[in-house]
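Asker: File model.txt below, compact mmCIF, C-alpha atoms and all ligand atoms:
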# COMPACT_ATOMS: atom_id res chain seq x y z
CA MET A 1 85.29 114.60 63.04
CA LYS A 2 85.22 116.63 59.83
CA ILE A 3 88.20 118.43 58.44
CA ALA A 4 88.84 120.47 55.33
CA ILE A 5 92.33 120.86 53.94
CA ALA A 6 92.79 123.93 51.79
CA GLY A 7 95.56 126.20 50.55
CA LYS A 8 97.31 127.59 47.51
CA GLY A 9 98.03 125.38 44.47
CA GLY A 10 100.80 122.84 44.92
CA VAL A 11 101.41 123.38 48.63
CA GLY A 12 100.75 119.73 49.46
CA LYS A 13 97.01 119.54 50.22
CA THR A 14 96.52 116.19 48.51
CA THR A 15 99.67 114.63 49.94
CA ILE A 16 98.62 115.65 53.44
CA SER A 17 94.90 114.79 53.05
CA GLY A 18 95.59 111.36 51.57
CA THR A 19 98.26 110.41 54.08
CA LEU A 20 96.14 111.66 56.96
CA CYS A 21 93.22 109.51 55.76
CA ARG A 22 95.40 106.41 55.60
CA VAL A 23 96.94 107.05 59.02
CA LEU A 24 93.55 107.63 60.64
CA GLY A 25 92.11 104.58 58.87
CA ARG A 26 94.94 102.42 60.19
CA SER A 27 93.85 103.17 63.73
CA HIS A 28 90.50 101.53 62.97
CA ASN A 29 88.57 104.63 62.12
CA GLU A 30 86.19 104.64 59.21
CA VAL A 31 87.38 107.47 57.00
CA LEU A 32 85.66 109.23 54.15
CA ALA A 33 88.00 111.08 51.81
CA ILE A 34 86.40 113.67 49.58
CA ASP A 35 88.26 114.86 46.53
CA GLY A 36 86.86 118.27 45.68
CA ASP A 37 89.43 119.04 43.01
CA PRO A 38 88.35 119.17 39.33
CA ASN A 39 91.69 117.52 38.52
CA PRO A 40 91.42 114.70 41.01
CA ASN A 41 94.54 112.91 42.26
CA LEU A 42 93.67 111.97 45.80
CA SER A 43 93.07 108.44 44.56
CA VAL A 44 96.81 107.89 43.94
CA VAL A 45 97.85 109.27 47.33
CA LEU A 46 95.25 107.03 48.97
CA GLY A 47 96.85 104.05 47.26
CA ILE A 48 93.84 102.93 45.24
CA ASP A 49 94.78 100.22 42.77
CA LYS A 50 94.95 101.82 39.34
CA SER A 51 93.46 98.73 37.69
CA ALA A 52 90.37 98.77 39.94
CA THR A 53 87.10 99.64 38.20
CA PRO A 54 86.16 103.18 39.17
CA PRO A 55 82.62 103.88 40.36
CA PRO A 56 80.28 105.80 38.05
CA SER A 57 80.95 109.55 37.90
CA LEU A 58 78.65 111.89 39.72
CA SER A 59 76.66 114.11 37.43
CA THR A 60 74.83 117.41 37.73
CA ASP A 61 71.66 115.28 37.72
CA ILE A 62 72.21 114.65 41.39
CA ILE A 63 71.00 118.16 42.23
CA GLU A 64 67.49 119.49 42.07
CA ARG A 65 66.06 122.95 42.38
CA VAL A 66 63.38 123.31 44.98
CA GLU A 67 61.09 126.23 45.42
CA GLU A 68 61.10 128.00 48.71
CA ALA A 69 58.69 130.70 49.74
CA GLU A 70 57.70 133.50 47.34
CA GLY A 71 59.41 132.46 44.15
CA LYS A 72 62.78 131.87 45.81
CA TRP A 73 64.76 128.80 44.83
CA ARG A 74 67.45 126.75 46.36
CA PHE A 75 69.43 123.71 45.28
CA GLN A 76 69.57 120.42 47.08
CA VAL A 77 71.06 116.96 46.62
CA LYS A 78 68.37 114.52 45.51
CA MET A 79 69.36 111.43 47.48
CA PRO A 80 70.46 110.74 51.03
CA PHE A 81 74.21 110.90 51.48
CA GLU A 82 74.34 107.19 52.39
CA GLU A 83 73.03 106.34 48.94
CA ILE A 84 75.56 108.64 47.25
CA LEU A 85 78.32 106.91 49.15
CA ASN A 86 77.13 103.42 48.21
CA LYS A 87 76.80 104.28 44.57
CA PHE A 88 79.73 106.60 43.96
CA GLY A 89 82.20 105.79 46.73
CA GLN A 90 85.38 103.81 46.07
CA LYS A 91 87.19 101.63 48.58
CA ALA A 92 90.79 102.50 49.39
CA PRO A 93 93.17 100.60 51.71
CA ASP A 94 92.96 100.99 55.51
CA ASN A 95 89.20 101.61 55.97
CA VAL A 96 89.15 104.61 53.68
CA THR A 97 86.40 105.35 51.16
CA LEU A 98 86.95 107.93 48.44
CA LEU A 99 84.25 110.09 46.95
CA MET A 100 85.17 112.27 44.00
CA VAL A 101 82.94 115.29 43.71
CA GLY A 102 85.18 117.80 41.99
CA LYS A 103 84.26 117.23 38.37
CA PRO A 104 80.60 116.31 37.99
CA GLU A 105 79.53 115.32 34.49
CA VAL A 106 77.07 117.71 32.96
CA ALA A 107 73.82 115.83 32.47
CA GLY A 108 71.46 116.65 29.62
CA THR A 109 68.49 116.62 31.91
CA GLY A 110 67.62 117.67 35.40
CA CYS A 111 68.78 120.78 37.10
CA MET A 112 70.77 122.99 34.77
CA CYS A 113 72.92 124.44 37.49
CA GLY A 114 76.63 124.93 37.09
CA SER A 115 79.04 122.24 38.20
CA HIS A 116 80.28 124.65 40.81
CA THR A 117 76.88 124.59 42.54
CA VAL A 118 76.88 120.81 42.37
CA VAL A 119 80.27 120.55 44.05
CA ARG A 120 79.20 122.98 46.74
CA GLU A 121 75.95 121.11 47.44
CA LEU A 122 77.74 117.75 47.51
CA VAL A 123 80.36 119.05 49.90
CA HIS A 124 77.62 120.46 52.06
CA SER A 125 75.74 117.16 51.99
CA ALA A 126 78.89 115.19 52.88
CA LEU A 127 79.91 117.46 55.70
CA SER A 128 76.46 117.67 57.23
CA SER A 129 75.87 113.90 57.01
CA LYS A 130 76.23 111.74 60.08
CA GLU A 131 77.15 108.72 57.95
CA THR A 132 80.87 108.57 58.57
CA GLN A 133 83.11 108.76 61.59
CA ILE A 134 85.81 110.89 60.00
CA THR A 135 85.56 113.01 56.88
CA ILE A 136 88.54 114.69 55.25
CA LEU A 137 87.95 117.10 52.40
CA ASP A 138 90.76 117.86 49.97
CA THR A 139 89.65 121.11 48.43
CA GLU A 140 90.66 123.19 45.49
CA ALA A 141 92.91 126.11 46.25
CA SER A 142 90.07 128.25 47.54
CA LEU A 143 87.18 128.34 49.92
CA GLU A 144 84.67 128.40 47.10
CA HIS A 145 83.32 124.97 47.97
CA MET A 146 82.23 126.23 51.31
CA LYS A 147 78.94 127.95 51.36
CA ARG A 148 77.84 130.09 54.21
CA GLY A 149 76.78 127.76 57.00
CA THR A 150 78.80 124.73 55.83
CA SER A 151 81.55 125.62 58.24
CA ARG A 152 79.34 124.82 61.17
CA TYR A 153 79.73 121.13 60.27
CA VAL A 154 83.49 121.35 59.99
CA ASP A 155 85.56 120.87 63.09
CA LYS A 156 88.47 122.62 61.55
CA ILE A 157 89.81 124.01 58.31
CA TYR A 158 93.53 123.70 57.77
CA THR A 159 95.35 125.87 55.34
CA VAL A 160 98.57 124.30 54.14
CA VAL A 161 101.47 126.72 53.85
CA GLU A 162 104.96 126.47 52.46
CA PRO A 163 107.87 128.39 53.93
CA TYR A 164 108.03 131.19 51.44
CA PHE A 165 106.52 134.62 51.50
CA ARG A 166 103.92 134.33 48.73
CA SER A 167 102.50 131.17 50.23
CA LEU A 168 102.29 132.80 53.65
CA GLU A 169 100.64 135.87 52.15
CA ALA A 170 98.11 133.59 50.48
CA ALA A 171 97.42 131.95 53.85
CA SER A 172 96.80 135.34 55.33
CA ARG A 173 94.27 136.21 52.61
CA PHE A 174 92.72 132.79 53.07
CA ALA A 175 92.29 133.39 56.79
CA ASP A 176 90.60 136.73 56.06
CA MET A 177 88.28 135.10 53.54
CA ALA A 178 87.44 132.38 56.05
CA LYS A 179 86.47 135.00 58.58
CA GLN A 180 84.17 136.61 56.03
CA LEU A 181 82.47 133.24 55.58
CA GLY A 182 82.05 133.06 59.32
CA ILE A 183 84.68 130.34 59.69
CA GLU A 184 86.59 130.77 62.92
CA LYS A 185 88.19 127.39 63.27
CA ILE A 186 91.13 127.80 61.01
CA GLU A 187 94.70 126.67 61.55
CA ALA A 188 97.81 126.26 59.45
CA ILE A 189 99.72 123.14 58.48
CA ALA A 190 103.30 124.10 57.69
CA ASN A 191 104.53 121.81 54.91
CA LYS A 192 107.88 121.18 53.17
CA VAL A 193 109.82 122.66 56.06
CA ARG A 194 113.52 122.03 55.51
CA ASN A 195 115.21 123.54 58.54
CA GLN A 196 114.94 125.53 61.75
CA GLU A 197 115.21 128.83 59.90
CA GLU A 198 112.16 128.03 57.78
CA LYS A 199 110.29 126.86 60.84
CA MET A 200 111.03 130.16 62.56
CA ALA A 201 109.96 132.21 59.53
CA ILE A 202 106.59 130.44 59.37
CA THR A 203 106.13 130.68 63.11
CA GLU A 204 106.77 134.43 63.14
CA TYR A 205 104.52 135.14 60.18
CA CYS A 206 101.62 133.06 61.52
CA LYS A 207 101.95 134.69 64.92
CA LYS A 208 101.64 138.10 63.29
CA ILE A 209 98.42 137.16 61.51
CA ASN A 210 97.05 135.24 64.47
CA LEU A 211 96.97 131.88 62.74
CA PRO A 212 97.80 128.89 64.97
CA ILE A 213 100.09 126.23 63.48
CA ALA A 214 98.78 122.71 63.99
CA VAL A 215 101.80 120.77 62.76
CA PHE A 216 105.13 121.13 60.95
CA VAL A 217 105.56 118.62 58.16
CA PRO A 218 109.14 118.26 56.91
CA PHE A 219 110.28 118.41 53.33
CA ASP A 220 110.73 114.75 52.46
CA GLU A 221 112.28 113.13 49.40
CA ASN A 222 110.06 110.11 50.01
CA VAL A 223 107.07 112.11 48.76
CA MET A 224 108.76 112.74 45.42
CA GLU A 225 109.98 109.15 45.17
CA ALA A 226 106.42 107.93 45.74
CA ASP A 227 105.08 110.48 43.22
CA LEU A 228 107.53 109.23 40.65
CA LYS A 229 106.27 105.68 41.10
CA GLY A 230 102.65 106.85 41.19
CA ILE A 231 102.01 105.34 44.61
CA SER A 232 101.09 106.54 48.06
CA VAL A 233 103.97 107.73 50.25
CA ILE A 234 102.72 105.51 53.08
CA ASP A 235 102.99 102.47 50.77
CA HIS A 236 106.40 103.64 49.57
CA ASN A 237 107.88 104.00 53.05
CA GLU A 238 105.71 103.90 56.12
CA ASN A 239 108.56 105.25 58.24
CA ALA A 240 109.06 108.31 56.06
CA PRO A 241 109.46 111.54 58.08
CA VAL A 242 106.37 112.95 56.39
CA VAL A 243 104.29 109.95 57.50
CA LYS A 244 105.64 110.21 61.05
CA ALA A 245 104.71 113.91 61.25
CA ILE A 246 101.20 113.19 59.99
CA GLU A 247 100.87 110.31 62.46
CA ALA A 248 101.65 112.68 65.32
CA PHE A 249 99.14 115.17 63.93
CA ALA A 250 96.48 112.44 63.60
CA ALA A 251 97.08 111.39 67.20
CA SER A 252 96.55 114.99 68.34
CA LEU A 253 93.27 115.06 66.41
CA THR A 254 91.84 111.89 67.85
CA ASN A 255 92.92 112.47 71.43
N1 LIG A 301 106.39 117.27 52.59
C1 LIG A 301 106.73 117.24 51.30
N2 LIG A 301 108.03 117.04 50.95
C2 LIG A 301 108.40 117.04 49.65
N3 LIG A 301 107.58 117.22 48.63
C3 LIG A 301 106.28 117.41 48.91
C4 LIG A 301 105.78 117.45 50.25
N4 LIG A 301 104.44 117.65 50.20
C5 LIG A 301 104.11 117.75 48.90
N5 LIG A 301 105.21 117.61 48.11
C6 LIG A 301 105.27 117.71 46.64
O1 LIG A 301 104.64 118.92 46.24
C7 LIG A 301 103.90 118.75 45.05
C8 LIG A 301 102.45 119.18 45.28
O2 LIG A 301 101.86 118.31 46.22
P1 LIG A 301 100.28 118.07 46.25
O3 LIG A 301 99.82 117.57 44.93
O4 LIG A 301 100.00 117.27 47.44
O5 LIG A 301 99.79 119.57 46.43
P2 LIG A 301 98.32 120.17 46.25
O6 LIG A 301 98.28 121.35 47.15
O7 LIG A 301 97.31 119.11 46.43
O8 LIG A 301 98.38 120.62 44.73
P3 LIG A 301 97.14 121.10 43.82
O9 LIG A 301 96.86 122.51 44.23
O10 LIG A 301 97.69 120.99 42.44
O11 LIG A 301 96.00 120.18 44.10
C9 LIG A 301 104.03 117.28 44.66
O12 LIG A 301 104.99 117.17 43.68
C10 LIG A 301 104.50 116.60 45.93
O13 LIG A 301 105.32 115.52 45.66
MG MG A 302 95.72 118.51 45.18
Could you write out this file's structure as structure tokens?
Ligand SMILES: Nc1ncnc2c1ncn2[C@@H]1O[C@H](COP(=O)(O)OP(=O)(O)OP(=O)(O)O)[C@@H](O)[C@H]1O
Ligand SMILES: [Mg+2]
Answerer:
Amino acid sequence: MKIAIAGKGGVGKTTISGTLCRVLGRSHNEVLAIDGDPNPNLSVVLGIDKSATPPPSLSTDIIERVEEAEGKWRFQVKMPFEEILNKFGQKAPDNVTLLMVGKPEVAGTGCMCGSHTVVRELVHSALSSKETQITILDTEASLEHMKRGTSRYVDKIYTVVEPYFRSLEAASRFADMAKQLGIEKIEAIANKVRNQEEKMAITEYCKKINLPIAVFVPFDENVMEADLKGISVIDHNENAPVVKAIEAFAASLTN
């Protein structure tokens, strides 16, 4: 199962991705978490020990340019995904492995492609690999990491939305953009929902734009308390409403 979690800045992508990884890992799944953000913070939400030695950073060296027919070029990742995972992956609690791809170091040698291309190729390589049982991608606030064709490896893309108009409008644009990329399998995750009124507002809006809602995740002080301590919400309080909502969502995914 491969899932991408996307959405506007600050909506809760990392909180949801990280907690979902931990919950799925706890039910004995092997989970690969990919942090595609240039300002990575999935590591904290996954509960990786801050004093642990991080793996080496991925660099633009990992990509090569190969010639196709008639002077056309394309980029590809140099090594099999299994090797990337062994070298650059980091163990997190509950059967989760983290791979940070969002900020590749620019190497002096090798392919002089932009870091954007590198991220896109790495995401493509991760999503198309058969190495891991479950892959969850925490993306930047756009679909830019997805190249045409990548979506065929993704079971679903979730766009996280908050109950206010600008966030919902952004979700609508996101859904349009996804369609242009040929991505059909897109659903919403409603996050930070405080009451029935907000739930209704999201429901009505998403109905209008034909975007199914996969789960409602409540606004939960536990997330902020965990943030303040710099730990994962699941380690802060495993019975937190946010964790319970994500558990129910995870169960619906694996059933
Ligand atoms: N269900 C929730 N209840 C309360 N606060 C939440 C909830 N989900 C996320 N938050 C808070 O919202 C803020 C943004 O969360 P998060 O970092 O997960 O979002 P993001 O979409 O990954 O952001 P970015 O676009 O910067 O990567 C954090 O301060 C987090 O504590
Ligand atoms: Mg984030």
Asker: Set out as CSV a contact list for chain A and ligand MG 302 (chain A) with a cut-off of 9 Å, giving each residue of chain A that qualifies its closest atom pair and distance in Å to one decimal, counting all atoms listed in the file, ordered by chain and rising residue number.
Answerer:
residue,atom,partner,partner_atom,distance
A:Gly9,CA,A:MG302,MG,7.3
A:Gly10,CA,A:MG302,MG,6.7
A:Val11,CA,A:MG302,MG,8.2
A:Gly12,CA,A:MG302,MG,6.7
A:Lys13,CA,A:MG302,MG,5.3
A:Thr14,CA,A:MG302,MG,4.1
A:Thr15,CA,A:MG302,MG,7.3
A:Ser17,CA,A:MG302,MG,8.7
A:Asp35,CA,A:MG302,MG,8.4
A:Gly36,CA,A:MG302,MG,8.9
A:Asp37,CA,A:MG302,MG,6.7
A:Asn39,CA,A:MG302,MG,7.8
A:Pro40,CA,A:MG302,MG,7.1
A:Asn41,CA,A:MG302,MG,6.4
A:Leu42,CA,A:MG302,MG,6.9
A:Asp138,CA,A:MG302,MG,6.9
A:Thr139,CA,A:MG302,MG,7.4
A:Glu140,CA,A:MG302,MG,6.9
A:Ala141,CA,A:MG302,MG,8.2
Asker: At a cut-off of 12 Å, using only C-alpha atoms, what residues contact region 181-187 of chain A? Leave out same-chain residues fewer than 2 positions from it and give the result as a PyMOL selection string.
Answerer: chain A and resi 2-7+143-161+171-172+174-179+189-190+206-207+209-216
Asker: Hey, which of A:Val96, A:Ala69, A:Ala126, A:Val217 ends up closest to ligand LIG 301 (chain A)? Count only C-alpha atoms and all ligand atoms.
Answerer: A:Val217
Asker: Between A:Ile234, A:Leu85, A:Val193, A:Ala250, which one has atoms that come closest to ligand LIG 301 (chain A), using all atoms listed in the file?
Answerer: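 Distance minimum relative to ligand LIG 301 (chain A) lands on A:Val193.
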Asker: Take CA of Lys192 (chain A) and CA of Ile134 (chain A) and report the distance between them in Å, one decimal.
Answerer: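 Atom-to-atom, CA of Lys192 (chain A) to CA of Ile134 (chain A), that is 25.3 Å.
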Asker: Counting only C-alpha atoms, what is within 10 Å of Phe165 (chain A), bar same-chain residues fewer than 5 positions away, as a list of chain:residue names?
Answerer: A:Ala170, A:Ala171, A:Ala201, A:Ile202, A:Tyr205
Asker: Find the residue from A:Asp49, A:Asp94, A:Glu105, A:Glu30 that sits nearest to Asp61 (chain A); use all atoms listed in the file when measuring.
Answerer: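 Closest to Asp61 (chain A), using all atoms listed in the file: A:Glu105.
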Asker: Please identify all polymer residues within 7 Å of Pro55 (chain A), counting only C-alpha atoms, omitting same-chain residues fewer than 3 positions from it, and present them as a PDB file with C-alpha atoms, in the frame of the given file.
Answerer:
ATOM      1  CA  PHE A  88      79.730 106.600  43.960  1.00  0.00           C
ATOM      2  CA  GLY A  89      82.200 105.790  46.730  1.00  0.00           C
ATOM      3  CA  GLN A  90      85.380 103.810  46.070  1.00  0.00           C
TER       4      GLN A  90
END
Asker: Do you know which residues are at most 9 Å from Pro241 (chain A) counting all atoms listed in the file, after dropping those on the same chain fewer than 3 positions away, and could you put them as a list in words?
Answerer: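 Everything that qualifies: Val217, Pro218, Phe219, Asp220, Asn222, Glu238, Lys244, Ala245 and Ile246 of chain A.
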Asker: Name the residues, using the chain letters and numbers of the file, that sit within 6 Å of (101.7, 112.0, 55.9) when counting only C-alpha atoms, and give them as a ChimeraX atom specification.
Answerer: /A:16,19-20,242-243,246
Asker: At a cut-off of 10 Å around the point (71.6, 114.6, 49.7) (file coordinates), what residues fall inside when counting all atoms listed in the file? I'd like the answer as an MDAnalysis selection string.
Answerer: chainID A and resid 62:64 76:84 121:126 128:129
Asker: Considering only C-alpha atoms, state which residue in the set A:Arg173, A:Arg22, A:Lys103, A:Lys91 is at the smallest distance from Leu58 (chain A).
Answerer: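 Answer, going by the shortest atom-to-atom distance: A:Lys103.
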Asker: Go through A:Ala107, A:Ala92, A:Ile136, A:Leu99 one by one, measure the shortest atom-to-atom distance of each to Lys50 (chain A) using all atoms listed in the file, and give the residue with the smallest value.
Answerer: A:Ala92
Asker: For ligand LIG 301 (chain A), which residue out of A:Ser57, A:Gln133, A:Ser43, A:Thr117 is the nearest one, using only C-alpha atoms and all ligand atoms?
Answerer: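 For ligand LIG 301 (chain A), the nearest of the candidates is A:Ser43.
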Asker: Would you compute the distance between atom O5 of ligand LIG 301 (chain A) and CA of Pro163 (chain A)? Give it in Å to one decimal.
Answerer: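 Computing it gives 14.1 Å between the two atoms.
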Asker: Do you have the CA of Glu68 (chain A)-CA of Gly102 (chain A) distance handy?
Answerer: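 Going from CA of Glu68 (chain A) over to CA of Gly102 (chain A), I get 27.0 Å.
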Asker: Using the file's own x, y and z axes, so that the box edges lie along x, y and z, what centre and edge lengths in Å (one decimal) does a box around every listed atom of region 221-227 of chain A get when 5 Å is added on each side? Give it as AutoDock Vina command-line options.
Answerer:
--center_x 108.7 --center_y 110.5 --center_z 46.6 --size_x 17.2 --size_y 15.2 --size_z 16.8
